[in-house]
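Just below is one structure, and these are the notes that go with it.
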Amino acid sequence: MTIANTSRLTPYLFLAPSLTVLGLALLYPVGYMVYASFLNWNPSQHIGQAEWVGLRNYLFLINDPSFRESLFVTLKFAAAVVSIEMILGVGLALLLDRQLRGMTLLRTLFILPMMIAPIVVGLMWRYLYHPTVGPLNRSLSALGMETVPWLSDSGWALVSIVIADIWQWTPFIFILALAALQSLPKSVMEAARIDGATGWQQIWHIKLPLMLPVLIVTCLLRLIDAFKVLEVVLVLTNGGPGLSTEILSLRIARTASEFRELGKAAAMSNLLLLGLMVLTAAMFAYSKWMETRAARLRKAAEADAA
Amino acid sequence: MLRLMQSAALSAGLLAGVAFGALAGPYDAHKGKTLVVNFPAHPHYNAVMKVLPEFTKETGIKVEVDQLEYLKMREKQTLELTKAKGDYDLISYVVFSKADYVFADQLENLARFFMNPLLADPAYDAADIIPGYMQNIGVAGGEKGYLPGPTGSLFGIPFGAETSILGYRKDIFDKHKLKVPETYDEMLDLACRIPKLEPGMGGLASRAASGQHAAHAYLLHLAPLGGRVFDSQWNPIINNEAGIKAAQALKTIVDCGPEGAKTFGFAEAGAAFLQGKTAMFLDSTVFAGQVDDPTKSKIAGKVGWAMHPKGVRHGSQTGGFGIAIPKNAKNKDAAFLLMQWLTSKKADKLVALQGGNPIRFSTHADGDVNARFPYMKTFGEALKHADPDWRPIIPAWGKINADLGTTMSKVLTENLDIKQAMDGLASRTKAVMKEAGYDTFKP
């Protein structure tokens, strides 16, 4: 073995311990879940006693209307909360990115909802939405308006959980967007102002494009979270009325504990994982494409200038 | 020769030990042992906790209790029971776990304990234990697999069991000269008449929230109205006339119920009654303890109790908890002694006096218990009609129950046509049953 060879191996040698830990901590559970998804496994059995059923769990899921409905509910929920939260969060950050008195306090207040345990958020909103003693309906009837069946109508129930989620997670986007805004290069802003860009032009053509990499990651994080949200829905509606708010993670939890079908629950989790991985890959591919495009434009501009 | 002598000596010693044990009392052989038991956080078991020191005082056997929220308890037990050596000597199980645990061969058959003269107390009087409870919670392997019958045997003893009962506001009934309903027709009529007589008040508080609550509320009416989920061949018959009538009954009750009734779980339905927002309450006997507690109830002293009304038959629910000895327990004999002591006449009364739910007829009729809880006698009468088969207890039930709960919720909130909803449910149930192998013997 030559010295060159040895030194080429050195980095891997140093990487080995962390790779081993990563493999054990990450791949083992995922592998276990993938394996379990091919079994007809009841929680009263050891995994060794469970019957191997191949792809039957996946086939069952594809044909299961309840699973499809819950997937659809999840997609609706995730699309609604993430888009509304992105708009509100970034909007708030743009509004509050200035030196005002008491700003620190205000920012802390804004991010409070995010720090509350989800179960508590669920309980709080459940009280707010209460049909008779809840403050929302009480205010509506005090104003002479008709009360809203927040949680007891299948149309409203999804809206209600969307509202609760927006209340809790907009601050997350707000603080990340604010951090991104404050780290933008001052010189660019100054140049834009000198060139006479209006406030809107600055936002559209400078701030937002420069914030984009951060926003993409933020959006991705929220999307992943929105696909996995459980506690708030569990407390607020437990999936009801009917299946109108039964998001995927709730269905997975119910399949494992209520229906006692660990194999199917594992198969569902795998599908969710695959979906999220595709989403993540797409997001990263998009931001990579944006970066290369920006680099190409910059090069072209430099060449023009030269 | 030496070996023969050794074994003779050993047998003599054993015999002497047995004789000594018999003389010294049944508990001496286990004195100083510590039993680890798993109980739910539930009003009945909170009462049990106050009585347990009495057992230790009487027997010298210590008891360590792991009390968990009941769904958590079930999850923990599921894992615990698959271990080669378990941590628990005695477990309390929710009635629907009977199917899972017995099917997985994880509970001790109690026959060998009741046959053992060193353990079984001849004065136990098992006939005094309410048969509906015993059949629903304790026995498996008979009719339909989950009921008693020629092939059945005992795996647990009801403890913390409950039935359904009708609570009504005596003051409201007196004011409008209403008759306490004895039949479903009368009850449904009153449920919708009361909101007109007492504006702002609902008729009957029922659970209705999507899932377990709606399913439970529906099944509560199915048995009295003459329905069953399956026929004797495991064909779903939930969409027959009785099945549809039960759904209509639930819808009527919820529509005439207090505001927001469509999202009520057990706690909310109870709270509506306690807050004086409904005139009737039809659900578990567990609830009764709070009604006359002025810190929790605005209707203390105003509530009367009656039997779950009759449809074509009496059919109040049976459910709650039982206690059993896991196959992987370490101290099975001592665990049996504890189980027997807890469900004996004496302990049943002690627990009842602390606010628990008795399982014996004698306790329900007991003077001291009735002096403290005057409704006990009515409960005892009602329990003569408790129906052990009001809900199937099979491993596939969890899934069917969830579907039933969702379907009922759709009927209640989305005005789904009842016949259509029940037909859909029956056909999905058929598929679940087929997948679980229940049509293996069908021609």
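Each chain of the structure tokens is named A, B, ... in the order shown, its residues numbered from 1; ligands are numbered from 1 in display order.
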
Excluding segment 94-105 of chain A and any residue of its chain fewer than 5 positions from it, enumerate the residues within 10 Å of it, using only C-alpha atoms, and give them as a compact mmCIF listing (two decimals) with N, CA, C and O atoms, in the first residue's frame.
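Generated output (out-v8.txt):
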```
# COMPACT_ATOMS: atom_id res chain seq x y z
N LEU A 88 -48.37 35.26 5.14
CA LEU A 88 -48.47 36.06 6.36
C LEU A 88 -47.12 36.26 7.02
O LEU A 88 -46.77 37.36 7.44
N GLY A 89 -46.35 35.17 7.12
CA GLY A 89 -45.06 35.23 7.81
C GLY A 89 -44.10 36.18 7.13
O GLY A 89 -43.50 37.06 7.77
N PHE A 110 -44.67 37.89 19.17
CA PHE A 110 -45.08 37.23 17.93
C PHE A 110 -44.72 35.76 17.89
O PHE A 110 -45.44 34.96 17.31
N PHE A 174 -42.16 33.78 10.19
CA PHE A 174 -41.85 35.18 10.47
C PHE A 174 -40.41 35.34 10.97
O PHE A 174 -39.65 36.14 10.42
N ALA A 177 -37.88 34.48 8.18
CA ALA A 177 -37.88 35.49 7.11
C ALA A 177 -37.23 36.78 7.61
O ALA A 177 -36.48 37.43 6.88
N LEU A 178 -37.50 37.11 8.86
CA LEU A 178 -36.92 38.33 9.42
C LEU A 178 -35.40 38.21 9.48
O LEU A 178 -34.67 39.15 9.12
N ALA A 179 -34.93 37.05 9.92
CA ALA A 179 -33.48 36.83 9.98
C ALA A 179 -32.87 36.95 8.59
O ALA A 179 -31.81 37.57 8.41
N LEU A 181 -34.07 38.65 6.06
CA LEU A 181 -34.13 40.06 5.65
C LEU A 181 -32.98 40.86 6.24
O LEU A 181 -32.37 41.69 5.58
N GLN A 182 -32.73 40.60 7.53
CA GLN A 182 -31.73 41.40 8.21
C GLN A 182 -30.32 41.05 7.79
O GLN A 182 -29.38 41.81 8.03
N ILE A 203 -39.02 45.23 -2.75
CA ILE A 203 -39.48 43.92 -2.24
C ILE A 203 -39.47 42.88 -3.35
O ILE A 203 -38.92 41.79 -3.21
N LYS A 207 -35.49 42.15 -2.45
CA LYS A 207 -35.57 41.42 -1.18
C LYS A 207 -36.01 39.97 -1.38
O LYS A 207 -35.35 39.03 -0.92
N LEU A 208 -37.17 39.78 -2.04
CA LEU A 208 -37.68 38.41 -2.18
C LEU A 208 -36.72 37.50 -2.93
O LEU A 208 -36.43 36.39 -2.46
```

*Apply DSSP to the backbone of this structure and, from segment 232-423 of chain B, keep only the residues in helix (DSSP H, G or I); write these as a ChimeraX atom specification.*
/B:241-255,261-263,266-274,285-291,332-342,345-353,361-365,367-372,376-383,397-414,418-423

Only C-alpha atoms, please: the residues just picked out, written as a compact mmCIF listing (two decimals), in the first residue's frame.
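Output file again05.txt is given in full below:
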```
# COMPACT_ATOMS: atom_id res chain seq x y z
CA GLU B 241 -84.34 -2.66 10.24
CA ALA B 242 -83.13 -2.60 13.85
CA GLY B 243 -79.74 -1.26 12.80
CA ILE B 244 -81.33 1.61 10.93
CA LYS B 245 -83.73 2.31 13.79
CA ALA B 246 -80.78 2.61 16.17
CA ALA B 247 -79.11 5.16 13.88
CA GLN B 248 -82.38 7.09 13.64
CA ALA B 249 -82.67 7.05 17.43
CA LEU B 250 -79.17 8.47 17.82
CA LYS B 251 -79.83 11.14 15.22
CA THR B 252 -83.07 12.17 16.91
CA ILE B 253 -81.31 12.37 20.28
CA VAL B 254 -78.43 14.46 18.93
CA ASP B 255 -80.70 16.74 16.89
CA ALA B 261 -74.07 17.98 20.79
CA LYS B 262 -72.55 16.77 17.51
CA THR B 263 -69.03 17.15 18.87
CA PHE B 266 -68.24 11.31 27.00
CA ALA B 267 -66.83 14.19 29.06
CA GLU B 268 -68.73 16.90 27.19
CA ALA B 269 -72.02 15.00 27.27
CA GLY B 270 -71.57 14.52 31.01
CA ALA B 271 -70.65 18.18 31.48
CA ALA B 272 -73.78 19.28 29.60
CA PHE B 273 -75.90 17.28 32.03
CA LEU B 274 -73.97 18.49 35.08
CA THR B 285 -72.79 4.22 35.56
CA VAL B 286 -69.23 5.49 36.16
CA PHE B 287 -70.66 8.96 35.72
CA ALA B 288 -73.08 8.72 38.66
CA GLY B 289 -70.46 9.50 41.31
CA GLN B 290 -70.08 13.13 40.17
CA VAL B 291 -73.74 14.06 39.92
CA LYS B 332 -49.16 -16.08 39.77
CA ASP B 333 -50.50 -17.73 42.92
CA ALA B 334 -50.16 -14.60 45.00
CA ALA B 335 -51.67 -12.62 42.15
CA PHE B 336 -54.66 -14.92 42.19
CA LEU B 337 -55.04 -14.39 45.92
CA LEU B 338 -55.08 -10.64 45.37
CA MET B 339 -57.56 -11.01 42.52
CA GLN B 340 -59.84 -13.16 44.65
CA TRP B 341 -59.57 -10.77 47.58
CA LEU B 342 -60.32 -7.70 45.47
CA LYS B 345 -67.84 -9.63 48.89
CA LYS B 346 -65.89 -7.81 51.55
CA ALA B 347 -63.55 -5.88 49.23
CA ASP B 348 -66.31 -5.18 46.71
CA LYS B 349 -68.21 -3.39 49.44
CA LEU B 350 -65.12 -1.54 50.67
CA VAL B 351 -64.37 -0.34 47.15
CA ALA B 352 -68.01 0.63 46.57
CA LEU B 353 -68.00 2.70 49.75
CA PHE B 361 -75.50 -8.09 43.37
CA SER B 362 -75.05 -8.24 47.15
CA THR B 363 -73.07 -4.99 47.16
CA HIS B 364 -75.71 -3.23 45.04
CA ALA B 365 -78.36 -4.28 47.58
CA GLY B 367 -77.72 -1.16 53.18
CA ASP B 368 -74.50 0.74 53.97
CA VAL B 369 -73.67 1.21 50.30
CA ASN B 370 -77.19 2.47 49.52
CA ALA B 371 -77.12 4.82 52.47
CA ARG B 372 -74.11 6.50 50.86
CA MET B 376 -77.02 1.62 43.79
CA LYS B 377 -80.23 -0.36 44.18
CA THR B 378 -81.56 0.84 40.81
CA PHE B 379 -78.21 0.00 39.23
CA GLY B 380 -78.42 -3.52 40.69
CA GLU B 381 -81.87 -3.98 39.19
CA ALA B 382 -80.72 -2.63 35.83
CA LEU B 383 -77.76 -4.98 35.83
CA TRP B 397 -63.50 -5.04 15.97
CA GLY B 398 -61.18 -2.04 16.39
CA LYS B 399 -61.28 -1.37 12.67
CA ILE B 400 -65.01 -1.94 12.27
CA ASN B 401 -65.70 0.21 15.32
CA ALA B 402 -63.67 3.07 13.82
CA ASP B 403 -65.60 2.81 10.56
CA LEU B 404 -68.88 2.71 12.47
CA GLY B 405 -67.82 5.83 14.39
CA THR B 406 -66.94 7.68 11.20
CA THR B 407 -70.12 6.61 9.43
CA MET B 408 -72.31 7.65 12.35
CA SER B 409 -70.54 10.99 12.51
CA LYS B 410 -71.31 11.50 8.82
CA VAL B 411 -74.96 10.63 9.45
CA LEU B 412 -75.09 13.12 12.31
CA THR B 413 -73.19 15.99 10.75
CA GLU B 414 -73.50 15.62 6.99
CA ILE B 418 -79.07 6.43 6.98
CA LYS B 419 -79.94 3.40 4.87
CA GLN B 420 -77.22 4.19 2.37
CA ALA B 421 -74.70 4.81 5.17
CA MET B 422 -75.50 1.54 6.91
CA ASP B 423 -75.40 -0.43 3.66
```

*Selection: 12 Å around segment 268-285 of chain A, only C-alpha atoms, excl. self and same-chain fewer than 6 positions, as a PyMOL selection string*: chain A and resi 29-38+57-62+64+67-68+70-71+74-75+78+212-228+247-256+261-262+291-292

When you look at Glu85 of chain A with a cut-off of 7 Å (counting only C-alpha atoms), what residues show up, excluding the ones that are within fewer than 4 positions of it in the same chain? I need them as a compact mmCIF listing (two decimals) with N, CA, C and O atoms, in the first residue's frame.
```txt
# COMPACT_ATOMS: atom_id res chain seq x y z
N VAL A 81 -52.26 25.53 4.79
CA VAL A 81 -51.51 26.16 5.88
C VAL A 81 -50.19 26.72 5.39
O VAL A 81 -49.83 27.85 5.73
N GLY A 89 -46.35 35.17 7.12
CA GLY A 89 -45.06 35.23 7.81
C GLY A 89 -44.10 36.18 7.13
O GLY A 89 -43.50 37.06 7.77
N ILE A 166 -52.28 27.93 11.51
CA ILE A 166 -51.72 29.21 11.06
C ILE A 166 -51.33 30.06 12.26
O ILE A 166 -50.25 30.65 12.32
N THR A 170 -47.28 30.52 11.90
CA THR A 170 -46.85 31.71 11.15
C THR A 170 -45.60 32.34 11.79
O THR A 170 -44.67 32.74 11.08
```

*Given a cut-off of 8 Å, which residues of chain A touch chain B, counting only C-alpha atoms, written out as number ranges by chain?*
A: 43-46, 130-132, 149, 151-154, 237-243, 255, 257-260

*Which value, in Å to one decimal, gives the distance between atom CA of Glu182 of chain B and atom CA of Leu197 of chain B?*
20.0 Å

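Taking atom CA of Ser83 of chain A and atom CA of Val162 of chain A as the two end points, the separation is 11.1 Å.
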
*Which one of B:Gly322, B:Gly304, B:Gly424, B:Gly437 sits closest to Pro65 of chain A if you count only C-alpha atoms?*
B:Gly424

_Report, in Å with one decimal, the straight-line distance from atom CA of Ile394 of chain B to atom CA of Phe113 of chain B._
25.9 Å

*asked:* Residues near segment 133-137 of chain A, anyone? I mean within 7 Å using only C-alpha atoms, not counting same-chain ones fewer than 6 positions away, as a list in words.
replied: Tyr127, Thr147 and Val148 of chain A

*Glu108 of chain B environment, 7 Å, only C-alpha atoms, sequence neighbours closer than 4 positions dropped, as a PyMOL selection string*: chain B and resi 155+325-327

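Closest approach to Val159 of chain A among A:Ala80, A:Ala301, A:Val120, A:Ala93 is made by A:Ala80 (distances from only C-alpha atoms).
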